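Shown next: protein.csv, containing CSV, C-alpha atoms.
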```csv
chain,number,residue,atom,x,y,z
A,65,MET,CA,106.0,12.8,-70.9
A,66,LYS,CA,103.6,11.2,-68.5
A,67,PRO,CA,102.6,7.8,-69.9
A,68,LEU,CA,99.1,8.3,-68.5
A,69,ASP,CA,98.6,11.4,-70.6
A,70,VAL,CA,99.1,9.3,-73.7
A,71,ILE,CA,96.5,6.9,-72.6
A,72,TRP,CA,94.0,9.7,-72.2
A,73,VAL,CA,94.9,11.2,-75.6
A,74,GLY,CA,94.4,7.8,-77.2
A,75,LEU,CA,91.1,7.1,-75.4
A,76,GLY,CA,89.8,10.6,-76.4
A,77,GLY,CA,91.0,10.2,-80.0
A,78,GLY,CA,89.3,6.9,-80.4
A,79,LEU,CA,86.0,8.1,-79.0
A,80,GLY,CA,86.2,11.4,-81.0
A,81,SER,CA,86.9,9.4,-84.2
A,82,VAL,CA,83.9,7.0,-83.7
A,83,LEU,CA,81.7,10.1,-83.0
A,84,ARG,CA,82.9,11.6,-86.3
A,85,TRP,CA,82.3,8.4,-88.1
A,86,CYS,CA,78.7,8.1,-86.7
A,87,ILE,CA,77.8,11.7,-87.6
A,88,GLY,CA,79.3,11.2,-91.1
A,89,ARG,CA,77.1,8.1,-91.6
A,90,VAL,CA,73.9,9.8,-90.4
A,91,MET,CA,74.7,12.9,-92.6
A,92,ALA,CA,75.4,10.7,-95.6
A,93,GLU,CA,71.9,9.1,-95.3
A,94,ARG,CA,70.1,12.4,-95.0
A,95,TYR,CA,72.0,14.7,-97.3
A,96,THR,CA,73.1,13.7,-100.7
A,97,GLY,CA,74.1,17.1,-102.2
A,98,ASN,CA,77.6,18.0,-103.4
A,99,PHE,CA,78.6,20.0,-100.4
A,100,PRO,CA,80.6,17.9,-97.8
A,101,LEU,CA,78.1,19.0,-95.1
A,102,GLY,CA,79.0,16.3,-92.5
A,103,THR,CA,82.7,17.1,-92.3
A,104,PHE,CA,81.9,20.8,-92.4
A,105,LEU,CA,79.5,20.6,-89.4
A,106,ILE,CA,81.9,18.4,-87.5
A,107,ASN,CA,84.8,20.8,-87.9
A,108,ILE,CA,82.7,23.9,-87.1
A,109,SER,CA,81.2,22.4,-83.9
A,110,GLY,CA,84.6,21.1,-82.8
A,111,SER,CA,86.1,24.6,-83.3
A,112,LEU,CA,83.3,26.1,-81.2
A,113,VAL,CA,83.9,23.6,-78.3
A,114,ILE,CA,87.7,23.9,-78.4
A,115,GLY,CA,87.5,27.7,-78.1
A,116,TYR,CA,85.0,27.4,-75.2
A,117,LEU,CA,87.0,24.7,-73.3
A,118,SER,CA,90.4,26.3,-73.8
A,119,VAL,CA,89.3,29.5,-72.1
A,120,LEU,CA,87.4,27.5,-69.4
A,121,PHE,CA,90.5,25.4,-68.6
A,122,ASN,CA,92.7,28.4,-69.0
A,123,VAL,CA,94.9,26.6,-71.6
A,124,ASP,CA,97.3,28.6,-73.8
A,125,TRP,CA,97.0,27.3,-77.3
A,126,HIS,CA,100.8,27.1,-77.8
A,127,ASN,CA,101.7,26.0,-74.3
A,128,ARG,CA,99.4,23.1,-73.4
A,129,TYR,CA,101.8,21.3,-71.2
A,130,GLY,CA,102.6,21.4,-67.5
A,131,HIS,CA,99.0,21.9,-66.5
A,132,GLY,CA,98.8,18.3,-65.5
A,133,MET,CA,95.3,18.2,-66.6
A,134,VAL,CA,93.7,14.9,-67.6
A,135,LEU,CA,90.8,16.9,-69.1
A,136,ASN,CA,93.2,18.7,-71.4
A,137,ALA,CA,94.7,15.6,-72.7
A,138,PHE,CA,91.4,13.7,-73.0
A,139,LEU,CA,89.1,16.4,-74.2
A,140,LEU,CA,91.2,18.9,-76.2
A,141,THR,CA,94.0,16.8,-77.7
A,142,GLY,CA,92.1,13.5,-77.7
A,143,LEU,CA,88.4,13.9,-78.2
A,144,LEU,CA,88.3,17.2,-80.2
A,145,GLY,CA,91.4,16.3,-82.2
A,146,GLY,CA,90.0,12.9,-83.1
A,147,TYR,CA,86.5,14.3,-83.8
A,148,THR,CA,87.6,17.1,-86.1
A,149,THR,CA,89.6,16.3,-89.2
A,150,PHE,CA,91.7,18.3,-91.6
A,151,SER,CA,92.6,15.4,-93.9
A,152,SER,CA,89.0,14.6,-94.8
A,153,MET,CA,88.3,18.2,-95.5
A,154,GLN,CA,91.2,18.3,-98.0
A,155,LEU,CA,90.1,15.0,-99.6
A,156,ASP,CA,86.6,16.3,-100.0
A,157,ALA,CA,88.0,19.4,-101.7
A,158,VAL,CA,90.1,17.4,-104.1
A,159,LYS,CA,87.1,15.1,-104.9
A,160,LEU,CA,84.9,18.2,-105.5
A,161,ALA,CA,87.6,19.6,-107.9
A,162,GLY,CA,87.8,16.3,-109.6
A,163,ARG,CA,84.1,16.4,-110.4
A,164,LYS,CA,84.6,19.7,-112.1
A,165,HIS,CA,83.6,21.8,-109.1
A,166,GLY,CA,86.9,23.6,-108.7
A,167,HIS,CA,85.3,26.8,-107.6
A,168,PHE,CA,83.2,24.8,-105.2
A,169,ALA,CA,86.3,23.2,-103.7
A,170,ALA,CA,87.9,26.5,-103.0
A,171,LEU,CA,84.7,27.9,-101.6
A,172,TYR,CA,84.4,24.9,-99.3
A,173,LEU,CA,87.9,25.3,-97.9
A,174,LEU,CA,87.6,29.0,-97.4
A,175,LEU,CA,84.2,28.6,-95.8
A,176,SER,CA,85.4,25.9,-93.5
A,177,VAL,CA,88.3,28.0,-92.3
A,178,GLY,CA,86.4,31.3,-92.1
A,179,VAL,CA,83.4,29.8,-90.2
A,180,GLY,CA,85.8,27.6,-88.2
A,181,LEU,CA,87.8,30.6,-87.0
A,182,LEU,CA,84.6,32.5,-86.1
A,183,ALA,CA,83.3,29.5,-84.2
A,184,ALA,CA,86.5,29.2,-82.2
A,185,SER,CA,86.4,32.9,-81.3
A,186,LEU,CA,82.8,32.7,-80.4
A,187,GLY,CA,83.4,29.7,-78.2
A,188,ALA,CA,86.2,31.6,-76.4
A,189,ALA,CA,84.0,34.7,-76.0
A,190,LEU,CA,81.2,32.6,-74.6
A,191,ALA,CA,83.5,31.1,-71.9
A,192,ARG,CA,84.8,34.6,-71.1
A,193,ALA,CA,81.3,36.0,-70.8
A,194,GLN,CA,80.5,33.4,-68.3
A,195,GLY,CA,83.4,34.6,-66.2
B,173,MET,CA,79.2,-2.5,-88.3
B,174,ILE,CA,80.6,-3.0,-84.8
B,175,LYS,CA,83.8,-4.3,-86.4
B,176,ILE,CA,84.2,-1.1,-88.4
B,177,ALA,CA,83.5,1.1,-85.3
B,178,VAL,CA,86.2,-0.8,-83.4
B,179,LEU,CA,88.7,-0.3,-86.2
B,180,VAL,CA,87.8,3.5,-86.3
B,181,PHE,CA,88.3,3.6,-82.6
B,182,ILE,CA,91.7,1.9,-82.7
B,183,GLY,CA,92.9,4.0,-85.6
B,184,GLY,CA,91.6,7.2,-84.1
B,185,ALA,CA,93.4,6.5,-80.8
B,186,LEU,CA,96.7,5.7,-82.6
B,187,GLY,CA,96.4,8.8,-84.8
B,188,ALA,CA,95.8,11.1,-81.8
B,189,VAL,CA,98.7,9.6,-79.9
B,190,LEU,CA,100.9,10.1,-82.9
B,191,ARG,CA,99.8,13.7,-83.1
B,192,GLU,CA,100.6,14.1,-79.4
B,193,PHE,CA,104.1,12.8,-80.1
B,194,LEU,CA,104.5,15.1,-83.0
B,195,MET,CA,103.4,18.1,-80.9
B,196,ARG,CA,106.1,17.3,-78.4
B,197,VAL,CA,108.9,16.6,-80.9
B,198,VAL,CA,108.2,19.4,-83.5
B,199,PRO,CA,108.5,22.8,-82.0
B,200,THR,CA,106.1,25.8,-82.5
B,201,LEU,CA,108.3,28.4,-84.3
B,202,ALA,CA,109.4,31.5,-82.4
B,203,ASP,CA,106.8,33.7,-84.1
B,204,GLY,CA,104.1,31.3,-83.0
B,205,PHE,CA,103.7,29.4,-86.3
B,206,PRO,CA,102.2,26.0,-85.3
B,207,LEU,CA,104.6,23.9,-87.2
B,208,ASP,CA,103.6,20.8,-85.2
B,209,ILE,CA,99.9,20.8,-86.2
B,210,LEU,CA,100.8,21.7,-89.8
B,211,ALA,CA,103.1,18.6,-89.9
B,212,ALA,CA,100.4,16.3,-88.4
B,213,ASN,CA,97.8,17.6,-90.9
B,214,LEU,CA,100.1,17.3,-93.9
B,215,VAL,CA,101.2,13.7,-93.1
B,216,ALA,CA,97.5,12.8,-92.5
B,217,ALA,CA,96.4,14.4,-95.7
B,218,CYS,CA,99.0,12.6,-97.8
B,219,LEU,CA,98.2,9.3,-96.1
B,220,LEU,CA,94.4,9.8,-96.6
B,221,GLY,CA,94.9,10.5,-100.3
B,222,PHE,CA,97.0,7.3,-100.6
B,223,ILE,CA,94.5,5.1,-98.8
B,224,ALA,CA,91.5,6.6,-100.6
B,225,ALA,CA,93.1,5.9,-104.0
B,226,LEU,CA,93.9,2.4,-103.0
B,227,HIS,CA,90.4,1.9,-101.6
B,228,GLU,CA,88.8,3.4,-104.8
B,229,ARG,CA,90.4,0.7,-106.9
B,230,LYS,CA,89.7,-2.1,-104.4
B,231,GLY,CA,93.3,-2.3,-103.4
B,232,ALA,CA,92.3,-1.7,-99.8
B,233,SER,CA,89.3,-3.3,-98.0
B,234,ASP,CA,86.6,-1.4,-96.1
B,235,SER,CA,88.2,-2.5,-92.9
B,236,ILE,CA,91.7,-1.2,-93.9
B,237,TYR,CA,90.0,2.1,-94.9
B,238,ALA,CA,88.2,2.3,-91.6
B,239,LEU,CA,91.4,1.7,-89.6
B,240,LEU,CA,93.8,3.8,-91.7
B,241,GLY,CA,91.6,6.4,-93.4
B,242,THR,CA,88.8,7.2,-91.1
B,243,GLY,CA,90.7,6.2,-88.0
B,244,ILE,CA,94.4,7.0,-88.1
B,245,THR,CA,94.4,10.0,-90.6
B,246,GLY,CA,91.3,11.4,-88.9
B,247,GLY,CA,92.8,11.1,-85.5
B,248,LEU,CA,96.2,12.4,-86.6
B,249,SER,CA,94.8,15.4,-88.3
B,250,THR,CA,92.9,18.1,-86.5
B,251,PHE,CA,90.8,21.0,-87.5
B,252,SER,CA,89.9,22.3,-84.0
B,253,SER,CA,93.5,23.1,-83.0
B,254,PHE,CA,94.1,24.6,-86.4
B,255,ALA,CA,91.1,26.9,-86.1
B,256,TYR,CA,91.7,27.9,-82.5
B,257,ALA,CA,95.4,28.6,-82.9
B,258,SER,CA,94.6,30.7,-86.1
B,259,ALA,CA,91.8,32.6,-84.3
B,260,MET,CA,94.0,33.4,-81.3
B,261,LEU,CA,96.9,34.5,-83.5
B,262,MET,CA,94.7,36.7,-85.6
B,263,LYS,CA,93.6,38.6,-82.6
B,264,ALA,CA,97.0,38.9,-80.7
B,265,SER,CA,98.8,41.5,-82.8
B,266,LEU,CA,99.3,42.6,-86.4
B,267,ALA,CA,102.5,40.6,-86.6
B,268,SER,CA,100.9,37.4,-85.4
B,269,ALA,CA,97.9,38.0,-87.6
B,270,VAL,CA,100.3,37.9,-90.5
B,271,VAL,CA,101.7,34.6,-89.1
B,272,ALA,CA,98.1,33.3,-88.8
B,273,PHE,CA,97.4,34.2,-92.4
B,274,ALA,CA,100.5,32.4,-93.6
B,275,TYR,CA,99.6,29.4,-91.4
B,276,VAL,CA,96.1,29.1,-92.9
B,277,LEU,CA,97.3,29.6,-96.4
B,278,THR,CA,100.2,27.1,-96.1
B,279,SER,CA,97.9,24.6,-94.5
B,280,LEU,CA,95.2,24.8,-97.2
B,281,VAL,CA,97.6,24.8,-100.2
B,282,LEU,CA,100.1,22.2,-99.0
B,283,GLY,CA,97.3,20.1,-97.5
B,284,TYR,CA,95.5,20.0,-100.9
B,285,ILE,CA,98.8,19.2,-102.7
B,286,ALA,CA,99.5,16.5,-100.1
B,287,VAL,CA,96.2,14.7,-100.8
B,288,ILE,CA,96.9,14.8,-104.5
B,289,VAL,CA,100.5,13.4,-104.0
B,290,GLY,CA,99.1,10.7,-101.8
B,291,MET,CA,96.4,9.8,-104.4
B,292,LYS,CA,99.1,9.6,-107.2
B,293,ILE,CA,101.2,7.2,-105.1
B,294,GLY,CA,98.1,5.2,-104.2
B,295,GLY,CA,97.1,5.1,-107.8
B,296,ILE,CA,100.3,3.4,-108.9
B,297,THR,CA,101.1,1.2,-105.9
B,298,LYS,CA,100.7,-2.5,-106.5
B,299,SER,CA,98.3,-4.0,-104.1
```

Could you render the structure as structure tokens?
Amino acid sequence: MKPLDVIWVGLGGGLGSVLRWCIGRVMAERYTGNFPLGTFLINISGSLVIGYLSVLFNVDWHNRYGHGMVLNAFLLTGLLGGYTTFSSMQLDAVKLAGRKHGHFAALYLLLSVGVGLLAASLGAALARAQG
Amino acid sequence: MIKIAVLVFIGGALGAVLREFLMRVVPTLADGFPLDILAANLVAACLLGFIAALHERKGASDSIYALLGTGITGGLSTFSSFAYASAMLMKASLASAVVAFAYVLTSLVLGYIAVIVGMKIGGITKS
């Protein structure tokens, strides 16, 4: 493992996390409904961008190494990984279920995954269409 | 405000580096099942449940929550890699679509359980 790669992952992860935190704060001020809209929008937008950049950088999703690409470590693993979150989505779902919105929690999880997969595919298709 | 942002940055950086290590240590299974990302997401979900329960009953300060909850578990877990890997597996072949379906279902169910387990531990831990 290249030590430098780890630094880029860390830097990207830190910046992505701060971005997620900022968006979460702004969303919390403007939207007070039950649906965890902030985390949802963050995860969907992150999925769109990872699909686009993976095709653009020609990165295989299961074989990301050996490309020697700083951009890969910084943007994909770091920034997008830090920006999007799986744990908050699950915590949101458990909280929804705790407020007697069990069906809402399941809907939220399924919607996140469904739209997330579509967004990732759309991002990849956009990059391919560009050539 | 700035202090919290710095803590989120440090936590997010640590979490992402931890995920990078996991991705190098834990193999992707032969059929393409992304075990590494699943492991990172489950550990993060459990830890977030734990720290959220502690924070809820004032056992952890806002600063600790920013560092561990928003930062480390947010940086360790990832939705983008999860979604992209699933989307690519879905399209590759019928066999890999089955793997993708199993991956999504396992991630959602176990992730949900992991948060609850973390919350239970956080609810009884002395602070």

Kindly provide the residues of chain B that approach chain A to within 7 Å, each paired with its closest atom pair and their distance in Å to one decimal, based on all atoms listed in the file, listed by chain and increasing number, as JSON lines.
```
{"residue": "B:Ala177", "atom": "CA", "partner": "A:Val82", "partner_atom": "CA", "distance": 6.1}
{"residue": "B:Val180", "atom": "CA", "partner": "A:Val82", "partner_atom": "CA", "distance": 5.8}
{"residue": "B:Phe181", "atom": "CA", "partner": "A:Gly78", "partner_atom": "CA", "distance": 4.1}
{"residue": "B:Ile182", "atom": "CA", "partner": "A:Gly78", "partner_atom": "CA", "distance": 6.0}
{"residue": "B:Gly183", "atom": "CA", "partner": "A:Gly78", "partner_atom": "CA", "distance": 7.0}
{"residue": "B:Gly184", "atom": "CA", "partner": "A:Gly78", "partner_atom": "CA", "distance": 4.4}
{"residue": "B:Ala185", "atom": "CA", "partner": "A:Gly74", "partner_atom": "CA", "distance": 4.0}
{"residue": "B:Leu186", "atom": "CA", "partner": "A:Gly74", "partner_atom": "CA", "distance": 6.2}
{"residue": "B:Ala188", "atom": "CA", "partner": "A:Gly77", "partner_atom": "CA", "distance": 5.2}
{"residue": "B:Val189", "atom": "CA", "partner": "A:Gly74", "partner_atom": "CA", "distance": 5.4}
{"residue": "B:Asn213", "atom": "CA", "partner": "A:Phe150", "partner_atom": "CA", "distance": 6.2}
{"residue": "B:Ala216", "atom": "CA", "partner": "A:Ser151", "partner_atom": "CA", "distance": 5.7}
{"residue": "B:Ala217", "atom": "CA", "partner": "A:Ser151", "partner_atom": "CA", "distance": 4.3}
{"residue": "B:Leu220", "atom": "CA", "partner": "A:Ser151", "partner_atom": "CA", "distance": 6.5}
{"residue": "B:Gly221", "atom": "CA", "partner": "A:Leu155", "partner_atom": "CA", "distance": 6.6}
{"residue": "B:Gly243", "atom": "CA", "partner": "A:Ser81", "partner_atom": "CA", "distance": 6.3}
{"residue": "B:Thr245", "atom": "CA", "partner": "A:Ser151", "partner_atom": "CA", "distance": 6.6}
{"residue": "B:Gly246", "atom": "CA", "partner": "A:Thr149", "partner_atom": "CA", "distance": 5.2}
{"residue": "B:Gly247", "atom": "CA", "partner": "A:Gly146", "partner_atom": "CA", "distance": 4.1}
{"residue": "B:Ser249", "atom": "CA", "partner": "A:Thr149", "partner_atom": "CA", "distance": 5.4}
{"residue": "B:Thr250", "atom": "CA", "partner": "A:Thr149", "partner_atom": "CA", "distance": 4.6}
{"residue": "B:Phe251", "atom": "CA", "partner": "A:Phe150", "partner_atom": "CA", "distance": 5.0}
{"residue": "B:Ser252", "atom": "CA", "partner": "A:Ser111", "partner_atom": "CA", "distance": 4.5}
{"residue": "B:Ala255", "atom": "CA", "partner": "A:Leu181", "partner_atom": "CA", "distance": 5.0}
{"residue": "B:Tyr256", "atom": "CA", "partner": "A:Ala184", "partner_atom": "CA", "distance": 5.4}
{"residue": "B:Ala257", "atom": "CA", "partner": "A:Trp125", "partner_atom": "CA", "distance": 6.0}
{"residue": "B:Ser258", "atom": "CA", "partner": "A:Leu181", "partner_atom": "CA", "distance": 6.9}
{"residue": "B:Ala259", "atom": "CA", "partner": "A:Leu181", "partner_atom": "CA", "distance": 5.2}
{"residue": "B:Gly283", "atom": "CA", "partner": "A:Gln154", "partner_atom": "CA", "distance": 6.4}
{"residue": "B:Tyr284", "atom": "CA", "partner": "A:Gln154", "partner_atom": "CA", "distance": 5.5}
{"residue": "B:Val287", "atom": "CA", "partner": "A:Leu155", "partner_atom": "CA", "distance": 6.2}
```

Rounded to one decimal place, report the CA of Val197 in chain B-CA of Lys292 in chain B distance in Å.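 If I compute the distance from CA of Val197 in chain B to CA of Lys292 in chain B, I get 28.9 Å.
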
Between B:Ile174, B:Ile209, B:Leu201, B:Met260, single out the one closest to Val119 in chain A, counting only C-alpha atoms.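 Smallest separation from Val119 in chain A among the options: B:Met260.
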
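For the residues A:Arg163, A:Phe168, A:Leu135, A:Gly195, ranking by smallest atom-to-atom distance to Leu68 in chain A using all atoms listed in the file places A:Leu135 first.
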
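Considering all atoms listed in the file, the residue among A:Val134, A:Leu139, A:Ala189, A:Ile87 positioned nearest to Lys66 in chain A is A:Val134.
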
What separation in Å, quoted to one decimal, exists between CA of Val271 in chain B and CA of Phe205 in chain B?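 Interatomic distance, CA of Val271 in chain B to CA of Phe205 in chain B: 6.2 Å.
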
Got a sec: who's within 12 Å of Ala267 in chain B, counting all atoms listed in the file, leaving out chain neighbours fewer than 5 positions off, as a PyMOL selection string? chain B and resi 203-205+261-262+272-274

At what distance in Å, to one decimal, does CA of Leu210 in chain B lie from CA of Ser279 in chain B? 6.2 Å

Min atom-atom distance to Val215 in chain B from the set B:Gly295, B:Asp234, B:Gly290, B:Val281, counting all atoms listed in the file, belongs to B:Gly290
